[in-house]
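**Q** If you scroll down you'll find the structure; I have some questions about it.
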Amino acid sequence: MSARVNVPRALLVLTAAVLASAVARRNWAQNNELNVQFHAFQDTRSVTVLTPTVDLSKDFTDRTAVRVNFGLDAISAASDSCARCHSEGANNSRLAGGVTVTRKFDNLKIGVGGAFGQEKFYRATTLLASVSRDLQNGNATIAGGYTFSLNQPTLHPTAEVEHQVTNGGYVSLTQTLSKSTIAQFGYEIGQISGYQDDPYLRASVNGVPTVGHVPDLRTRHTLTARLRQALPAQTVLEADYRHYVDDWQLTSNAISLGLSHHFTPAFLASFAYRRYDQTGAYFFAPSYTGMPEFFTADFRLEPFASGLYTAGLVITPQASRWRLPEGAGLLLLYERYHADNSFDSGIVSAGLRIPLKR
């Protein structure tokens with residue numbers, strides 16, 4: 001295309017978080033904003049997670065932007081807590097934070113950053129780098145990135161610490177197809193090496209509960225396709241597809257459809273449904289006999305199907321009436337998850353977006 005396509009503002013607002021980054025699916029933060037959110041999670045295992053998060057994005061110059069995020073989880077009766085010491089589960093807490101610096105060079109954008117997470121028996125340190133370039137006068141963007149993570153689980157109740165290393169990379173192409181249509185295609189590869197057992201789950205081996213043992217190398221491949229289509233009456237259609245496969249012979253497919261609608265300039269409502277199904281890892285079984293090389297009780301490695309329902313509301317009230325900065329908004333979100341392996345959960349989120357002056 002020889003000229004930039006003018007995409008409707010509603011479509012750009014709704015797709016910016018999804019299409020601008022291949023790392024996070026839902027990123028509410030924009031430049032020069034402070035986001036404060038609170039999430040409450042509960043599932044059928046009697047696990048409760050309460051999470052306040054703070055996300056700050058700031059453009060310090062026309063070319064340099066910094067994003068800082070911080071989160072704290074309070075977890076009660078976590079299902080993966082140590083069964084040897086706490087048969088009914090144990091409380092836990094998790095602290096996570098990160099910083100990313102992005103530098104623009106005309107049509108080129110380069111980002112570097114890191115993240116750190118710490119809980120009672122687990123530590124994760126991540127380094128990341130990304131690059132993107134606008135093409136076709138801004139109607140297309142090609143992006144790529146690399147991530148390195150060092151994970152260090154503690155084998156409670158001992159003080160022994162294991163190590164796990166993750167290397168990952170991604171490429172994506174975002175293309176404006178018309179004045180009302182944006183599409184994105186992506187590929188991601190990741191390799192996990194080192195300790196990958198779960199010391200808190202027990203598999204039945206010859207009738208005896210035994211700590212599971214899985215391969216110490218896993219390579220993952222993911223293909224994604226996303227479409228955002230502006231419809232009449234301030235409505236946007238969202239469609240996503242994800243295909244995943246790894247060398248543990250686990251394959252999954254996920255498809256989601258959603259609609260977002262501006263009832264008024266101040267009220268944006270959305271609803272989405274996501275269907276997911278996967279096969280089991282080649283070594284997964286409900287129970288084991290003999291002397292198996294690999295065995296696990298991890299429900300994430302068994303075959304199952306699930307559905308996720310999401311309803312959200314973004315309210316942007318008149319700033320003068322509520323004594324808020326111009327452009328401030330309130331996010332309300334409810335998610336309900338159901339899987340056919342007898343697992344259900346619900347998540348309630350509320351957040352406040354506060355624009356910041358440069």
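Ordered as shown in the structure tokens, chains take letters A, B, and onward, while each chain numbers its residues from 1 and ligands are numbered from 1 in the order shown.
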Write down as a PyMOL selection string the residues of range 106-247 of chain A whose backbone DSSP state falls under strand (DSSP E or B).
**A** chain A and resi 108-119+122-135+140-154+161+164-178+181-194+202-205+208-211+213+217-231+235-246
**Q** Determine, counting only C-alpha atoms, which protein, DNA and RNA residues have an atom within 8 Å of an atom of Gly280 in chain A; residues of the same chain fewer than 4 positions away are not included. Present the result as a PDB file with N, CA and C atoms, in the first residue's frame.
**A**
```pdb
ATOM      1  N   GLN A 249       4.775 -34.856  23.141  1.00  0.00           N
ATOM      2  CA  GLN A 249       3.616 -35.281  22.368  1.00  0.00           C
ATOM      3  C   GLN A 249       2.309 -34.704  22.918  1.00  0.00           C
ATOM      4  N   LEU A 250       2.399 -33.560  23.556  1.00  0.00           N
ATOM      5  CA  LEU A 250       1.209 -32.838  23.991  1.00  0.00           C
ATOM      6  C   LEU A 250       0.850 -31.827  22.907  1.00  0.00           C
ATOM      7  N   THR A 251      -0.379 -31.889  22.435  1.00  0.00           N
ATOM      8  CA  THR A 251      -0.873 -30.997  21.389  1.00  0.00           C
ATOM      9  C   THR A 251      -2.143 -30.313  21.881  1.00  0.00           C
ATOM     10  N   PHE A 284       1.759 -39.794  30.333  1.00  0.00           N
ATOM     11  CA  PHE A 284       0.733 -39.598  31.356  1.00  0.00           C
ATOM     12  C   PHE A 284      -0.179 -40.809  31.451  1.00  0.00           C
ATOM     13  N   LEU A 301      -0.804 -32.112  32.424  1.00  0.00           N
ATOM     14  CA  LEU A 301      -0.270 -33.008  31.404  1.00  0.00           C
ATOM     15  C   LEU A 301      -1.260 -34.080  30.985  1.00  0.00           C
ATOM     16  N   GLU A 302      -2.478 -34.033  31.497  1.00  0.00           N
ATOM     17  CA  GLU A 302      -3.491 -35.017  31.128  1.00  0.00           C
ATOM     18  C   GLU A 302      -4.365 -34.463  30.019  1.00  0.00           C
ATOM     19  N   PRO A 303      -5.050 -35.312  29.252  1.00  0.00           N
ATOM     20  CA  PRO A 303      -5.968 -34.803  28.222  1.00  0.00           C
ATOM     21  C   PRO A 303      -7.214 -34.194  28.864  1.00  0.00           C
ATOM     22  N   PHE A 304      -7.623 -33.016  28.387  1.00  0.00           N
ATOM     23  CA  PHE A 304      -8.849 -32.396  28.881  1.00  0.00           C
ATOM     24  C   PHE A 304      -9.283 -31.309  27.912  1.00  0.00           C
TER      25      PHE A 304
END
```
**Q** When distances are computed from only C-alpha atoms, which of A:His243, A:Thr316, A:Pro286, A:Leu237 shows the smallest separation from Leu268 in chain A?
**A**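 Nearest to Leu268 in chain A: A:Thr316.
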**Q** Which residues are near Glu160 in chain A? Cut-off 12 Å, only C-alpha atoms, ignore same chain within fewer than 6 positions. Put them as a count of residues only.
**A** 6
**Q** Give the answer as one residue: which of A:Val66, A:Leu50, A:Leu333, A:Ala225 has the shortest atom-to-atom distance to Arg242 in chain A, using only C-alpha atoms?
**A**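 Distance minimum relative to Arg242 in chain A lands on A:Ala225.
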**Q** Pick out each residue of range 194-342 of chain A that DSSP on the backbone tags as helix (DSSP H, G or I); I need them as number ranges by chain.
**A** A: 299-301, 319-322
**Q** Selection from above, N, CA and C atoms, as a compact mmCIF listing (two decimals), in the first residue's frame, can you write it?
**A**
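The resulting part01.txt:
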```
# COMPACT_ATOMS: atom_id res chain seq x y z
N PHE A 299 -2.07 -32.52 36.58
CA PHE A 299 -3.28 -32.44 35.76
C PHE A 299 -3.06 -31.62 34.49
N ARG A 300 -2.02 -30.80 34.46
CA ARG A 300 -1.73 -30.01 33.26
C ARG A 300 -1.17 -30.86 32.13
N LEU A 301 -0.80 -32.11 32.42
CA LEU A 301 -0.27 -33.01 31.40
C LEU A 301 -1.26 -34.08 30.98
N ALA A 319 -14.36 13.56 33.46
CA ALA A 319 -13.33 13.85 34.46
C ALA A 319 -13.76 14.92 35.46
N SER A 320 -14.46 15.95 34.99
CA SER A 320 -14.84 17.04 35.88
C SER A 320 -15.83 16.58 36.94
N ARG A 321 -16.73 15.66 36.57
CA ARG A 321 -17.76 15.21 37.51
C ARG A 321 -17.15 14.37 38.63
N TRP A 322 -16.16 13.56 38.32
CA TRP A 322 -15.57 12.64 39.30
C TRP A 322 -14.22 13.12 39.83
```
